[in-house]
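The next block is run-v9.txt, given as compact mmCIF, C-alpha atoms and all ligand atoms.
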# COMPACT_ATOMS: atom_id res chain seq x y z
CA MET U 28 136.68 130.47 160.66
CA ALA U 29 140.20 131.81 160.09
CA ARG U 30 142.02 135.11 159.84
CA ILE U 31 144.66 135.43 157.12
CA LEU U 32 147.29 138.11 156.59
CA ILE U 33 148.51 138.17 152.97
CA ILE U 34 151.79 140.01 152.33
CA GLY U 35 152.62 141.30 148.83
CA ALA U 36 150.20 142.76 146.29
CA GLY U 37 151.60 141.59 142.94
CA GLY U 38 150.41 139.06 140.36
CA VAL U 39 150.26 136.00 142.62
CA SER U 40 148.65 137.98 145.42
CA GLN U 41 145.90 139.18 143.08
CA VAL U 42 144.80 135.55 142.63
CA ALA U 43 145.41 134.40 146.22
CA VAL U 44 143.35 137.29 147.60
CA HIS U 45 140.46 136.63 145.19
CA LYS U 46 140.51 132.93 146.08
CA CYS U 47 140.65 133.57 149.85
CA ALA U 48 137.77 136.01 149.48
CA GLN U 49 135.77 133.37 147.56
CA ALA U 50 136.39 130.86 150.38
CA SER U 51 134.43 132.95 152.88
CA ASP U 52 133.41 129.83 154.83
CA VAL U 53 137.07 129.47 155.91
CA PHE U 54 138.64 132.92 155.60
CA THR U 55 136.29 135.10 157.60
CA ASP U 56 138.82 137.96 157.92
CA ILE U 57 141.45 138.96 155.38
CA CYS U 58 144.15 141.61 155.61
CA LEU U 59 146.23 142.41 152.52
CA ALA U 60 149.45 144.30 153.26
CA SER U 61 152.25 145.37 150.97
CA ARG U 62 154.87 148.01 150.31
CA THR U 63 152.53 150.05 148.10
CA LEU U 64 149.15 150.55 149.76
CA SER U 65 147.42 151.64 146.53
CA LYS U 66 148.13 148.19 145.01
CA CYS U 67 146.39 146.53 147.99
CA ASP U 68 143.43 148.88 147.67
CA LYS U 69 143.18 148.19 143.92
CA ILE U 70 142.88 144.43 144.55
CA ALA U 71 140.47 144.98 147.46
CA ALA U 72 138.21 147.09 145.23
CA GLN U 73 137.70 144.13 142.85
CA LEU U 74 136.27 141.87 145.56
CA LYS U 75 132.65 141.23 146.46
CA ARG U 76 133.37 141.49 150.20
CA PRO U 77 135.36 144.00 152.25
CA ILE U 78 138.89 143.18 153.36
CA ARG U 79 141.39 145.20 155.36
CA THR U 80 144.46 146.67 153.64
CA ALA U 81 147.69 147.98 155.16
CA LYS U 82 151.09 149.33 154.19
CA VAL U 83 154.06 147.32 155.41
CA ASP U 84 157.73 147.01 154.57
CA ALA U 85 158.23 143.27 154.85
CA ASP U 86 161.99 143.75 155.28
CA ASN U 87 161.26 145.57 158.52
CA VAL U 88 160.57 142.96 161.23
CA PRO U 89 159.26 145.39 163.90
CA GLN U 90 156.75 146.80 161.36
CA LEU U 91 155.60 143.26 160.54
CA VAL U 92 155.32 142.32 164.21
CA LYS U 93 153.19 145.41 164.89
CA LEU U 94 150.84 144.54 162.02
CA ILE U 95 150.57 140.87 163.06
CA LYS U 96 149.87 141.82 166.69
CA ASP U 97 147.24 144.26 165.55
CA PHE U 98 145.43 141.94 163.05
CA ARG U 99 146.01 138.65 164.97
CA PRO U 100 145.99 136.26 161.94
CA ASP U 101 145.93 132.45 162.21
CA VAL U 102 148.26 132.28 159.24
CA VAL U 103 150.53 134.65 157.32
CA LEU U 104 150.69 134.02 153.56
CA ASN U 105 153.87 135.46 152.07
CA VAL U 106 153.41 136.28 148.38
CA ALA U 107 155.94 139.13 148.36
CA LEU U 108 159.39 138.28 146.95
CA PRO U 109 161.81 135.53 148.05
CA TYR U 110 164.04 138.25 149.58
CA GLN U 111 161.41 138.82 152.30
CA ASP U 112 161.04 135.16 153.41
CA LEU U 113 163.38 135.27 156.41
CA HIS U 114 162.08 138.60 157.70
CA ILE U 115 158.49 137.38 157.58
CA MET U 116 159.50 134.09 159.24
CA ASP U 117 161.23 136.10 162.00
CA ALA U 118 158.04 138.12 162.56
CA CYS U 119 155.95 134.91 162.67
CA LEU U 120 158.35 133.44 165.25
CA GLU U 121 158.13 136.54 167.40
CA THR U 122 154.32 136.56 167.33
CA GLY U 123 153.69 132.77 167.28
CA VAL U 124 151.79 132.68 163.97
CA ASN U 125 151.91 129.99 161.22
CA TYR U 126 153.73 130.87 157.98
CA VAL U 127 153.15 129.87 154.32
CA ASP U 128 155.11 130.93 151.21
CA THR U 129 155.54 130.00 147.54
CA ALA U 130 159.26 130.46 146.87
CA ASN U 131 162.41 129.75 148.86
CA TYR U 132 164.72 132.43 150.21
CA GLU U 133 167.17 134.04 147.86
CA PRO U 134 169.78 136.58 149.01
CA PRO U 135 169.31 139.79 146.97
CA ASP U 136 173.00 140.04 145.99
CA VAL U 137 173.59 136.43 144.80
CA ALA U 138 171.46 134.66 142.17
CA HIS U 139 171.21 131.53 144.25
CA PHE U 140 168.28 129.92 145.99
CA GLU U 141 168.19 126.96 148.31
CA TYR U 142 166.28 125.78 151.38
CA LYS U 143 169.18 125.84 153.85
CA TRP U 144 168.32 129.29 155.18
CA GLN U 145 164.67 128.39 155.84
CA TRP U 146 165.33 124.81 157.00
CA ALA U 147 167.62 126.41 159.61
CA TYR U 148 164.44 127.71 161.34
CA GLN U 149 163.31 124.12 162.10
CA GLU U 150 164.15 124.02 165.81
CA ARG U 151 162.90 127.57 166.50
CA PHE U 152 159.51 126.90 164.82
CA LYS U 153 159.25 123.58 166.67
CA LYS U 154 160.04 125.18 170.00
CA LYS U 155 157.49 127.91 169.39
CA GLY U 156 154.87 125.29 168.39
CA ILE U 157 154.15 126.89 165.00
CA LEU U 158 154.31 125.65 161.44
CA ALA U 159 156.07 126.99 158.34
CA LEU U 160 154.85 125.54 155.03
CA LEU U 161 157.40 126.20 152.30
CA GLY U 162 156.72 126.42 148.57
CA SER U 163 152.93 126.27 148.30
CA GLY U 164 152.72 127.43 144.69
CA PHE U 165 152.54 125.22 141.58
CA ASP U 166 156.19 124.47 141.07
CA PRO U 167 157.25 124.19 143.86
CA GLY U 168 153.99 123.23 145.46
CA VAL U 169 151.54 121.20 143.42
CA THR U 170 154.45 119.32 141.79
CA ASN U 171 155.58 118.16 145.26
CA VAL U 172 152.01 117.15 146.10
CA TYR U 173 151.66 115.28 142.76
CA THR U 174 154.82 113.30 143.56
CA ALA U 175 153.63 112.44 147.08
CA TRP U 176 150.22 111.47 145.64
CA ALA U 177 151.82 109.22 143.01
CA LEU U 178 153.76 107.38 145.70
CA LYS U 179 150.75 107.09 148.00
CA LYS U 180 148.32 105.88 145.34
CA HIS U 181 150.16 104.31 142.43
CA PHE U 182 153.77 103.38 143.17
CA ASP U 183 155.70 101.18 145.49
CA THR U 184 158.92 102.94 144.48
CA ILE U 185 159.47 106.01 142.32
CA GLU U 186 162.66 105.70 140.25
CA THR U 187 162.64 108.73 137.96
CA LEU U 188 160.83 112.03 138.24
CA ASP U 189 160.58 114.65 135.48
CA ILE U 190 158.72 117.84 136.33
CA ILE U 191 157.65 119.62 133.16
CA ASP U 192 156.33 123.18 133.08
CA ALA U 193 154.91 124.35 129.74
CA ASN U 194 153.51 127.77 129.05
CA ALA U 195 151.84 127.60 125.66
CA GLY U 196 150.38 131.07 126.08
CA ASP U 197 151.07 134.09 123.89
CA HIS U 198 150.90 137.67 125.17
CA GLY U 199 151.80 139.28 121.85
CA GLN U 200 154.67 141.34 123.37
CA PRO U 201 158.17 141.21 121.83
CA PHE U 202 159.64 140.28 125.25
CA ALA U 203 158.03 139.98 128.67
CA THR U 204 158.25 137.65 131.64
CA ASN U 205 155.20 135.97 133.14
CA PHE U 206 156.09 136.75 136.71
CA ASN U 207 158.46 139.15 138.46
CA PRO U 208 161.10 139.78 135.72
CA GLU U 209 164.00 140.01 138.16
CA ILE U 210 163.23 136.67 139.82
CA ASN U 211 162.36 135.04 136.49
CA ILE U 212 165.54 136.11 134.67
CA ARG U 213 167.78 135.22 137.62
CA GLU U 214 166.25 131.72 137.55
CA VAL U 215 166.47 131.18 133.79
CA THR U 216 170.04 132.43 133.35
CA ALA U 217 171.39 130.25 136.16
CA LYS U 218 173.21 126.96 135.45
CA GLY U 219 171.01 123.89 134.98
CA ARG U 220 171.26 121.11 137.54
CA TYR U 221 169.70 117.68 137.92
CA TRP U 222 170.06 114.89 140.44
CA GLU U 223 171.17 111.37 139.59
CA LYS U 224 172.16 108.51 141.90
CA GLY U 225 172.70 110.81 144.85
CA LYS U 226 174.74 113.43 142.98
CA TRP U 227 173.98 116.83 141.44
CA ILE U 228 175.04 117.20 137.82
CA GLU U 229 175.53 120.75 136.53
CA THR U 230 174.81 121.83 132.95
CA ASP U 231 175.36 125.13 131.15
CA PRO U 232 172.26 127.39 131.21
CA LEU U 233 169.56 126.03 128.84
CA SER U 234 172.06 123.72 127.11
CA VAL U 235 170.02 120.50 127.51
CA LYS U 236 166.78 120.38 125.55
CA LYS U 237 164.33 118.01 123.89
CA THR U 238 160.87 118.10 122.36
CA MET U 239 157.78 116.93 124.18
CA ASP U 240 154.27 116.47 122.81
CA PHE U 241 151.83 118.13 125.25
CA PRO U 242 148.18 117.13 125.76
CA ASP U 243 144.97 119.09 125.25
CA GLY U 244 145.82 120.42 121.80
CA ILE U 245 149.05 122.13 122.92
CA GLY U 246 151.21 119.80 120.79
CA PRO U 247 155.01 119.58 120.50
CA LYS U 248 157.18 122.12 122.36
CA LYS U 249 160.88 122.39 123.14
CA ILE U 250 161.63 121.85 126.82
CA TYR U 251 164.86 122.96 128.53
CA LEU U 252 166.52 121.44 131.58
CA MET U 253 166.81 123.83 134.53
CA PHE U 254 167.38 123.67 138.25
CA HIS U 255 164.23 124.32 140.23
CA GLU U 256 163.86 124.53 143.98
CA GLU U 257 161.50 121.60 144.55
CA LEU U 258 164.25 119.24 143.31
CA GLU U 259 166.16 119.98 146.52
CA SER U 260 163.43 118.84 148.91
CA LEU U 261 162.03 116.07 146.68
CA THR U 262 165.42 114.39 146.23
CA LYS U 263 166.07 114.63 149.96
CA ASN U 264 162.68 113.13 150.83
CA PHE U 265 162.32 110.54 148.04
CA ALA U 266 165.90 109.21 147.75
CA LYS U 267 165.06 106.85 150.62
CA LYS U 268 162.03 105.69 148.62
CA GLY U 269 164.01 104.55 145.59
CA LEU U 270 164.39 107.77 143.58
CA LYS U 271 167.37 107.55 141.23
CA ARG U 272 166.96 110.63 139.02
CA ALA U 273 165.03 113.91 139.24
CA ARG U 274 164.94 116.66 136.61
CA PHE U 275 163.00 119.84 135.93
CA TRP U 276 162.09 121.11 132.44
CA MET U 277 160.50 124.30 131.17
CA THR U 278 159.35 125.48 127.73
CA PHE U 279 160.69 128.71 126.23
CA SER U 280 159.85 130.14 122.85
CA ASP U 281 162.68 130.80 120.39
CA ASN U 282 161.70 134.49 120.55
CA TYR U 283 162.08 134.63 124.37
CA LEU U 284 165.49 132.94 124.17
CA LYS U 285 166.68 135.24 121.38
CA HIS U 286 165.89 138.34 123.45
CA LEU U 287 167.37 136.84 126.59
CA GLU U 288 170.62 136.00 124.80
CA VAL U 289 171.03 139.57 123.55
CA LEU U 290 170.18 141.06 126.96
CA GLN U 291 172.72 138.75 128.59
CA ASN U 292 175.39 139.51 126.00
CA VAL U 293 175.09 143.25 126.57
CA GLY U 294 175.14 142.86 130.36
CA MET U 295 171.52 143.82 131.06
CA THR U 296 170.89 140.73 133.20
CA ARG U 297 173.78 141.44 135.59
CA ILE U 298 172.93 141.78 139.27
CA ASN U 299 176.11 143.54 140.36
CA PRO U 300 175.94 147.36 140.41
CA VAL U 301 177.42 149.54 137.64
CA LYS U 302 178.12 153.27 137.86
CA TYR U 303 175.96 155.36 135.53
CA ASN U 304 176.01 159.18 135.61
CA GLY U 305 177.51 159.12 139.08
CA GLN U 306 174.83 156.77 140.36
CA GLU U 307 174.99 153.03 141.04
CA ILE U 308 172.39 150.96 139.19
CA ILE U 309 171.80 147.22 138.99
CA PRO U 310 171.21 146.42 135.30
CA LEU U 311 168.64 143.67 135.95
CA GLN U 312 166.59 145.98 138.18
CA PHE U 313 166.73 148.69 135.51
CA LEU U 314 165.62 146.13 132.91
CA LYS U 315 162.66 145.23 135.16
CA ALA U 316 161.58 148.87 135.07
CA LEU U 317 161.57 148.77 131.23
CA LEU U 318 159.73 145.47 130.76
CA PRO U 319 155.94 145.12 130.83
CA ASP U 320 154.54 144.63 134.32
CA PRO U 321 153.50 140.93 134.40
CA ALA U 322 150.11 142.05 135.77
CA SER U 323 149.53 144.00 132.53
CA LEU U 324 149.81 140.77 130.51
CA GLY U 325 146.61 139.37 132.01
CA PRO U 326 144.13 140.69 129.44
CA LEU U 327 146.59 140.07 126.55
CA THR U 328 147.56 136.45 127.15
CA LYS U 329 145.86 133.69 125.22
CA GLY U 330 146.44 129.91 125.37
CA LYS U 331 147.14 127.42 128.12
CA THR U 332 149.71 126.23 130.62
CA CYS U 333 150.40 122.56 131.26
CA ILE U 334 152.44 121.69 134.35
CA GLY U 335 152.89 118.16 135.58
CA CYS U 336 155.09 115.26 136.67
CA LYS U 337 156.18 112.25 134.61
CA ILE U 338 157.11 109.43 136.92
CA LYS U 339 158.59 105.97 136.31
CA GLY U 340 158.89 103.28 138.89
CA THR U 341 157.41 100.08 140.25
CA ALA U 342 153.68 99.82 140.94
CA LYS U 343 152.30 98.35 144.13
CA ASP U 344 151.70 95.02 142.30
CA GLY U 345 155.39 94.82 141.29
CA ARG U 346 154.89 95.79 137.62
CA LYS U 347 156.84 98.61 135.96
CA ARG U 348 154.72 101.75 135.68
CA GLU U 349 155.00 105.05 133.78
CA TYR U 350 152.63 107.79 134.90
CA TYR U 351 151.86 111.41 134.01
CA VAL U 352 149.81 113.75 136.19
CA TYR U 353 149.20 117.32 135.04
CA ASN U 354 146.99 120.37 135.10
CA ILE U 355 145.87 122.45 132.13
CA CYS U 356 145.07 126.06 132.92
CA SER U 357 143.66 128.57 130.44
CA HIS U 358 145.03 132.13 130.48
CA GLU U 359 141.71 133.54 129.23
CA GLU U 360 139.57 131.65 131.77
CA SER U 361 141.88 132.73 134.60
CA TYR U 362 141.58 136.33 133.52
CA LYS U 363 137.81 136.08 133.33
CA GLU U 364 137.63 134.76 136.89
CA VAL U 365 140.25 136.79 138.79
CA GLN U 366 141.74 139.27 136.26
CA SER U 367 145.11 137.47 136.10
CA GLN U 368 146.84 135.23 133.60
CA ALA U 369 147.42 131.52 134.24
CA ILE U 370 150.97 131.82 135.63
CA SER U 371 149.71 133.85 138.59
CA TYR U 372 146.55 131.71 138.77
CA THR U 373 148.47 128.43 139.00
CA THR U 374 150.52 129.90 141.88
CA GLY U 375 147.83 131.87 143.71
CA VAL U 376 145.34 128.98 143.96
CA PRO U 377 147.78 126.54 145.66
CA ALA U 378 149.00 129.38 147.90
CA MET U 379 145.42 129.81 149.11
CA ILE U 380 144.93 126.02 149.48
CA GLY U 381 148.15 125.63 151.51
CA ALA U 382 147.12 128.51 153.78
CA MET U 383 143.64 126.99 154.12
CA LEU U 384 144.95 123.53 155.12
CA VAL U 385 147.25 125.13 157.70
CA ALA U 386 144.64 127.57 159.03
CA THR U 387 142.05 124.81 159.46
CA GLY U 388 144.54 122.39 161.05
CA VAL U 389 144.14 119.74 158.32
CA TRP U 390 147.89 120.02 157.81
CA LYS U 391 149.37 120.51 161.26
CA GLY U 392 152.60 120.20 163.18
CA ALA U 393 155.39 122.28 164.63
CA GLY U 394 158.48 123.03 162.57
CA VAL U 395 159.41 123.81 158.97
CA PHE U 396 157.78 121.61 156.33
CA ASN U 397 157.86 121.11 152.58
CA MET U 398 154.66 120.20 150.76
CA GLU U 399 155.49 116.49 150.38
CA ASP U 400 155.80 116.14 154.16
CA PHE U 401 152.00 116.11 154.44
CA ASP U 402 149.18 113.82 153.24
CA PRO U 403 148.60 114.88 149.59
CA GLU U 404 144.96 113.77 149.55
CA PRO U 405 143.23 116.88 150.97
CA PHE U 406 145.34 119.13 148.75
CA MET U 407 144.52 117.08 145.61
CA LYS U 408 140.79 117.31 146.42
CA LYS U 409 140.97 121.07 146.86
CA LEU U 410 142.84 121.52 143.56
CA ASN U 411 139.77 120.10 141.81
CA LYS U 412 137.44 122.25 143.87
CA TYR U 413 139.25 125.59 143.53
CA GLY U 414 140.07 125.70 139.83
CA LEU U 415 143.15 123.57 139.10
CA PRO U 416 141.76 120.13 138.20
CA TRP U 417 144.31 117.43 137.41
CA THR U 418 144.43 114.55 134.95
CA GLU U 419 146.24 111.24 135.38
CA VAL U 420 147.52 109.15 132.49
CA PHE U 421 149.04 105.69 132.84
CA LEU U 422 151.56 105.52 130.00
CA LYS U 423 152.61 101.99 130.98
N1 LIG U 501 155.88 128.39 143.37
C1 LIG U 501 155.48 128.89 142.23
O1 LIG U 501 154.89 128.17 141.41
C2 LIG U 501 155.67 130.34 141.91
C3 LIG U 501 155.39 130.80 140.62
C4 LIG U 501 155.49 132.17 140.35
C5 LIG U 501 155.90 133.04 141.37
N2 LIG U 501 156.21 132.54 142.61
C6 LIG U 501 156.63 133.45 143.70
O2 LIG U 501 155.51 134.23 144.09
C7 LIG U 501 155.98 135.44 144.68
C8 LIG U 501 155.22 136.61 144.11
O3 LIG U 501 155.46 136.70 142.70
P1 LIG U 501 154.72 137.80 141.80
O4 LIG U 501 154.92 137.40 140.40
O5 LIG U 501 153.39 138.05 142.35
O6 LIG U 501 155.68 139.07 142.08
P2 LIG U 501 155.28 140.60 141.92
O7 LIG U 501 154.15 140.76 140.97
O8 LIG U 501 156.57 141.33 141.69
O9 LIG U 501 154.73 140.98 143.38
C9 LIG U 501 155.56 141.04 144.51
C10 LIG U 501 154.85 141.91 145.53
O10 LIG U 501 155.64 141.94 146.71
C11 LIG U 501 155.74 143.27 147.15
N3 LIG U 501 156.97 143.52 147.88
C12 LIG U 501 158.24 143.45 147.43
N4 LIG U 501 159.09 143.80 148.39
C13 LIG U 501 158.35 144.09 149.48
C14 LIG U 501 158.64 144.52 150.78
N5 LIG U 501 159.90 144.73 151.21
N6 LIG U 501 157.62 144.75 151.64
C15 LIG U 501 156.32 144.54 151.25
N7 LIG U 501 155.98 144.14 150.03
C16 LIG U 501 156.98 143.91 149.14
C17 LIG U 501 155.73 144.09 145.88
O11 LIG U 501 155.41 145.41 146.24
P3 LIG U 501 155.42 146.61 145.14
O12 LIG U 501 154.25 146.32 144.29
O13 LIG U 501 155.30 147.84 145.94
O14 LIG U 501 156.71 146.48 144.39
C18 LIG U 501 154.68 143.36 145.08
O15 LIG U 501 153.40 143.82 145.41
C19 LIG U 501 157.50 135.47 144.42
O16 LIG U 501 158.16 135.04 145.57
C20 LIG U 501 157.69 134.45 143.31
O17 LIG U 501 158.96 133.89 143.32
C21 LIG U 501 156.08 131.22 142.91
Let me see whether you can do it: turn the structure in this file into structure tokens.
Ligand SMILES: NC(=O)c1ccc[n+]([C@@H]2O[C@H](COP(=O)([O-])OP(=O)(O)OC[C@H]3O[C@@H](n4cnc5c(N)ncnc54)[C@H](OP(=O)(O)O)[C@@H]3O)[C@@H](O)[C@H]2O)c1
Amino acid sequence: MARILIIGAGGVSQVAVHKCAQASDVFTDICLASRTLSKCDKIAAQLKRPIRTAKVDADNVPQLVKLIKDFRPDVVLNVALPYQDLHIMDACLETGVNYVDTANYEPPDVAHFEYKWQWAYQERFKKKGILALLGSGFDPGVTNVYTAWALKKHFDTIETLDIIDANAGDHGQPFATNFNPEINIREVTAKGRYWEKGKWIETDPLSVKKTMDFPDGIGPKKIYLMFHEELESLTKNFAKKGLKRARFWMTFSDNYLKHLEVLQNVGMTRINPVKYNGQEIIPLQFLKALLPDPASLGPLTKGKTCIGCKIKGTAKDGRKREYYVYNICSHEESYKEVQSQAISYTTGVPAMIGAMLVATGVWKGAGVFNMEDFDPEPFMKKLNKYGLPWTEVFLK
């Protein structure tokens, strides 16, 4: 019996709201609030049960506080954009309500994300006796849980961790991003970074690549080394457990990279303002307005995603072990169930599960937590139950 306030009404929200509505045994009352009320109402109209909708500017803390006081949720699920994280955390602190999100804070004017801004809330959340669960999507999110699960069940020490995110789907568009184009392009055009023996090693954007053979008929795909936010918390938490190297890889098609290169070369991915016809515009935001809305890709996307962790280390019996745990998600099946493609599905389901574990007190505590701080077992069970089943392979 829990009340949930979901903020943001984009692609991820579409799935999270459907999944919370399906879990009516836990989420008895749902309020969906976002900047554009009509988007909340559109999602609400697809559901089999009534939910409340509201308009809120999540950058306006007093507006958020008023809504929270009025709805009285047990948990606030933030599936707006990373720019809103701190404002929503401030509102949760003021009202004493637990907080869950899927992406770490990013200042709007610098393409840079890290946990320091949200970790800085630790003492205030502790003092207030409430919990903030950071990064409850797939990556970050499930990938952190997979790593914690591997250590709990199969390894004595984890030495290397490779997180690999493959989208083998095809939407048939010349160029489109699978989630918010601004956030996606900022992430992809940033320098790559991986962690080895306690140090961060920087690489030029998308300059390190290799080919990996993916399971379930996906086959060989090129994967590119990138920095991804879960590396920050995982290296901090697992270095003391023997971790020596952690990397993150993602697939990109040659077509996607060709378009991105041209857009970058002509300055369309810049995030600093330029003057145009007497008005200031930010090229990347203008580009977002031109590109297909990720939500519109749902009915067009065919194929699968495969996201997982390859881990090497020492098993509990002292033998060397190589292990791969992953999920396969079908774009078409996701669309059939919740009218969204698999990228939003693989984020929205763990967002709902994280909120559920917090709302029901299965994951509890006071302070700011990353996913690997908690027992992975209940989360792993719920992944199987709510549509993201996982497979384990012992490669050695
Ligand atoms: N961990 C993971 O695996 C993972 C994967 C993918 C995405 N994500 C994260 O998930 C989040 C949602 O992504 P998405 O693809 O769903 O993005 P999206 O489709 O662009 O949706 C974002 C939503 O937030 C709303 N919003 C933006 N600013 C707001 C404000 N000031 N006040 C209230 N609402 C506001 C937008 O409102 P309008 O519709 O009015 O613009 C939109 O409805 C992002 O933080 C993204 O980084 C995480």
Please determine, counting all atoms listed in the file, which residue among U:Lys180, U:His358, U:Lys93, U:Lys337 has the shortest atom-to-atom distance to Ala118 in chain U.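 For Ala118 in chain U, the nearest of the given residues is U:Lys93.
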Please report, as a Markdown table, each residue of chain U lying at most 7 Å from ligand LIG 501 (chain U), together with the nearest pair of atoms and the separation in Å rounded to one decimal; use all atoms listed in the file, and order rows by chain and ascending residue number.
| residue | atom | partner | partner_atom | distance |
| --- | --- | --- | --- | --- |
| U:Ile34 | CA | U:LIG501 | N7 | 6.3 |
| U:Gly35 | CA | U:LIG501 | O10 | 3.7 |
| U:Ala36 | CA | U:LIG501 | O15 | 3.5 |
| U:Gly37 | CA | U:LIG501 | O9 | 3.2 |
| U:Gly38 | CA | U:LIG501 | O5 | 3.7 |
| U:Val39 | CA | U:LIG501 | O5 | 3.8 |
| U:Ser40 | CA | U:LIG501 | O5 | 5.6 |
| U:Ser61 | CA | U:LIG501 | N7 | 4.0 |
| U:Arg62 | CA | U:LIG501 | C15 | 3.9 |
| U:Thr63 | CA | U:LIG501 | O13 | 4.2 |
| U:Lys66 | CA | U:LIG501 | O12 | 6.4 |
| U:Val83 | CA | U:LIG501 | C15 | 5.5 |
| U:Asp84 | CA | U:LIG501 | N6 | 3.7 |
| U:Ala85 | CA | U:LIG501 | N6 | 3.6 |
| U:Asp86 | CA | U:LIG501 | N5 | 4.7 |
| U:Val106 | CA | U:LIG501 | C7 | 4.6 |
| U:Ala107 | CA | U:LIG501 | O10 | 3.3 |
| U:Leu108 | CA | U:LIG501 | O16 | 3.7 |
| U:Pro109 | CA | U:LIG501 | O16 | 4.4 |
| U:Gln111 | CA | U:LIG501 | N5 | 6.2 |
| U:Thr129 | CA | U:LIG501 | N1 | 4.5 |
| U:Ala130 | CA | U:LIG501 | O16 | 4.9 |
| U:Gly162 | CA | U:LIG501 | N1 | 5.6 |
| U:Ser163 | CA | U:LIG501 | N1 | 6.1 |
| U:Gly164 | CA | U:LIG501 | N1 | 3.6 |
| U:Phe165 | CA | U:LIG501 | O1 | 3.8 |
| U:Asp166 | CA | U:LIG501 | O1 | 3.9 |
| U:Pro167 | CA | U:LIG501 | N1 | 4.4 |
| U:Gly168 | CA | U:LIG501 | N1 | 5.9 |
| U:Phe206 | CA | U:LIG501 | O4 | 3.9 |
| U:Asn207 | CA | U:LIG501 | O8 | 4.3 |
| U:Ile210 | CA | U:LIG501 | O17 | 6.2 |
| U:Pro321 | CA | U:LIG501 | O7 | 6.6 |
| U:Ala322 | CA | U:LIG501 | O7 | 6.7 |
| U:Ile370 | CA | U:LIG501 | C4 | 6.5 |
| U:Ser371 | CA | U:LIG501 | C4 | 6.3 |
| U:Thr373 | CA | U:LIG501 | O1 | 6.9 |
| U:Thr374 | CA | U:LIG501 | O1 | 4.7 |
Find, counting all atoms listed in the file, the residue in U:Pro201, U:Gly330, U:Gly414, U:Gly246 that gets nearest to Gly375 in chain U. U:Gly414
Given the choices U:Gly123, U:Pro300, U:Pro100, U:Gly394, which gets closest to Ile33 in chain U if the distance is worked out from only C-alpha atoms? U:Pro100
When you count all atoms listed in the file, which of these residues is closest to Phe275 in chain U: U:Ile212, U:Leu233, U:Ile191, U:Met383?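 Among U:Ile212, U:Leu233, U:Ile191, U:Met383, it is U:Ile191 that comes nearest to Phe275 in chain U.
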So how many Å separate CA of Ala382 in chain U and CA of Glu399 in chain U, to one decimal? 15.0 Å
Counting only C-alpha atoms, which of U:Gln49, U:Ser357, U:Asn264, U:Thr55 gets nearest to Tyr413 in chain U? U:Gln49
One decimal, Å: what's the distance from CA of Val127 in chain U over to CA of Val385 in chain U, could you say? 8.3 Å
Need the shell around Leu113 in chain U: protein/DNA/RNA residues with any atom at most 8 Å away, counting only C-alpha atoms. Skip same-chain ones fewer than 5 positions apart. Format as a short mmCIF file (atom, residue, chain, number, x, y, z; two decimals) with C-alpha atoms, in the coordinates of the input?
data_model
loop_
_atom_site.label_atom_id
_atom_site.label_comp_id
_atom_site.auth_asym_id
_atom_site.auth_seq_id
_atom_site.Cartn_x
_atom_site.Cartn_y
_atom_site.Cartn_z
CA TYR U 132 164.72 132.43 150.21
CA TRP U 144 168.32 129.29 155.18
CA GLN U 145 164.67 128.39 155.84
#
Given only C-alpha atoms as the counted atoms, nearest of U:Ser280, U:Asn171, U:Gln149, U:Gln90 to Phe202 in chain U: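 Looking at the shortest contact to Phe202 in chain U, the residue is U:Ser280.
Reported to one decimal place, the separation of CA of Thr170 in chain U from CA of Leu384 in chain U is 16.9 Å.
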For Ile95 in chain U, find every residue with an atom within 12 Å (counting all atoms listed in the file), except residues of its own chain fewer than 2 positions away, and show them as a tab-separated table (two decimals) with C-alpha atoms, in the frame of the given file.
chain	number	residue	atom	x	y	z
U	30	ARG	CA	142.02	135.11	159.84
U	31	ILE	CA	144.66	135.43	157.12
U	32	LEU	CA	147.29	138.11	156.59
U	33	ILE	CA	148.51	138.17	152.97
U	34	ILE	CA	151.79	140.01	152.33
U	58	CYS	CA	144.15	141.61	155.61
U	59	LEU	CA	146.23	142.41	152.52
U	60	ALA	CA	149.45	144.30	153.26
U	81	ALA	CA	147.69	147.98	155.16
U	83	VAL	CA	154.06	147.32	155.41
U	85	ALA	CA	158.23	143.27	154.85
U	88	VAL	CA	160.57	142.96	161.23
U	89	PRO	CA	159.26	145.39	163.90
U	90	GLN	CA	156.75	146.80	161.36
U	91	LEU	CA	155.60	143.26	160.54
U	92	VAL	CA	155.32	142.32	164.21
U	93	LYS	CA	153.19	145.41	164.89
U	97	ASP	CA	147.24	144.26	165.55
U	98	PHE	CA	145.43	141.94	163.05
U	99	ARG	CA	146.01	138.65	164.97
U	100	PRO	CA	145.99	136.26	161.94
U	101	ASP	CA	145.93	132.45	162.21
U	102	VAL	CA	148.26	132.28	159.24
U	103	VAL	CA	150.53	134.65	157.32
U	104	LEU	CA	150.69	134.02	153.56
U	115	ILE	CA	158.49	137.38	157.58
U	116	MET	CA	159.50	134.09	159.24
U	117	ASP	CA	161.23	136.10	162.00
U	118	ALA	CA	158.04	138.12	162.56
U	119	CYS	CA	155.95	134.91	162.67
U	120	LEU	CA	158.35	133.44	165.25
U	121	GLU	CA	158.13	136.54	167.40
U	122	THR	CA	154.32	136.56	167.33
U	123	GLY	CA	153.69	132.77	167.28
U	124	VAL	CA	151.79	132.68	163.97
U	125	ASN	CA	151.91	129.99	161.22
U	126	TYR	CA	153.73	130.87	157.98
Do a neighbour search on Ile78 in chain U at 7 Å with all atoms listed in the file, toss out local chain neighbours closer than 5 positions, and write the hits as a list of chain:residue names.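 That gives U:Asp56, U:Ile57, U:Cys58, U:Ala71.
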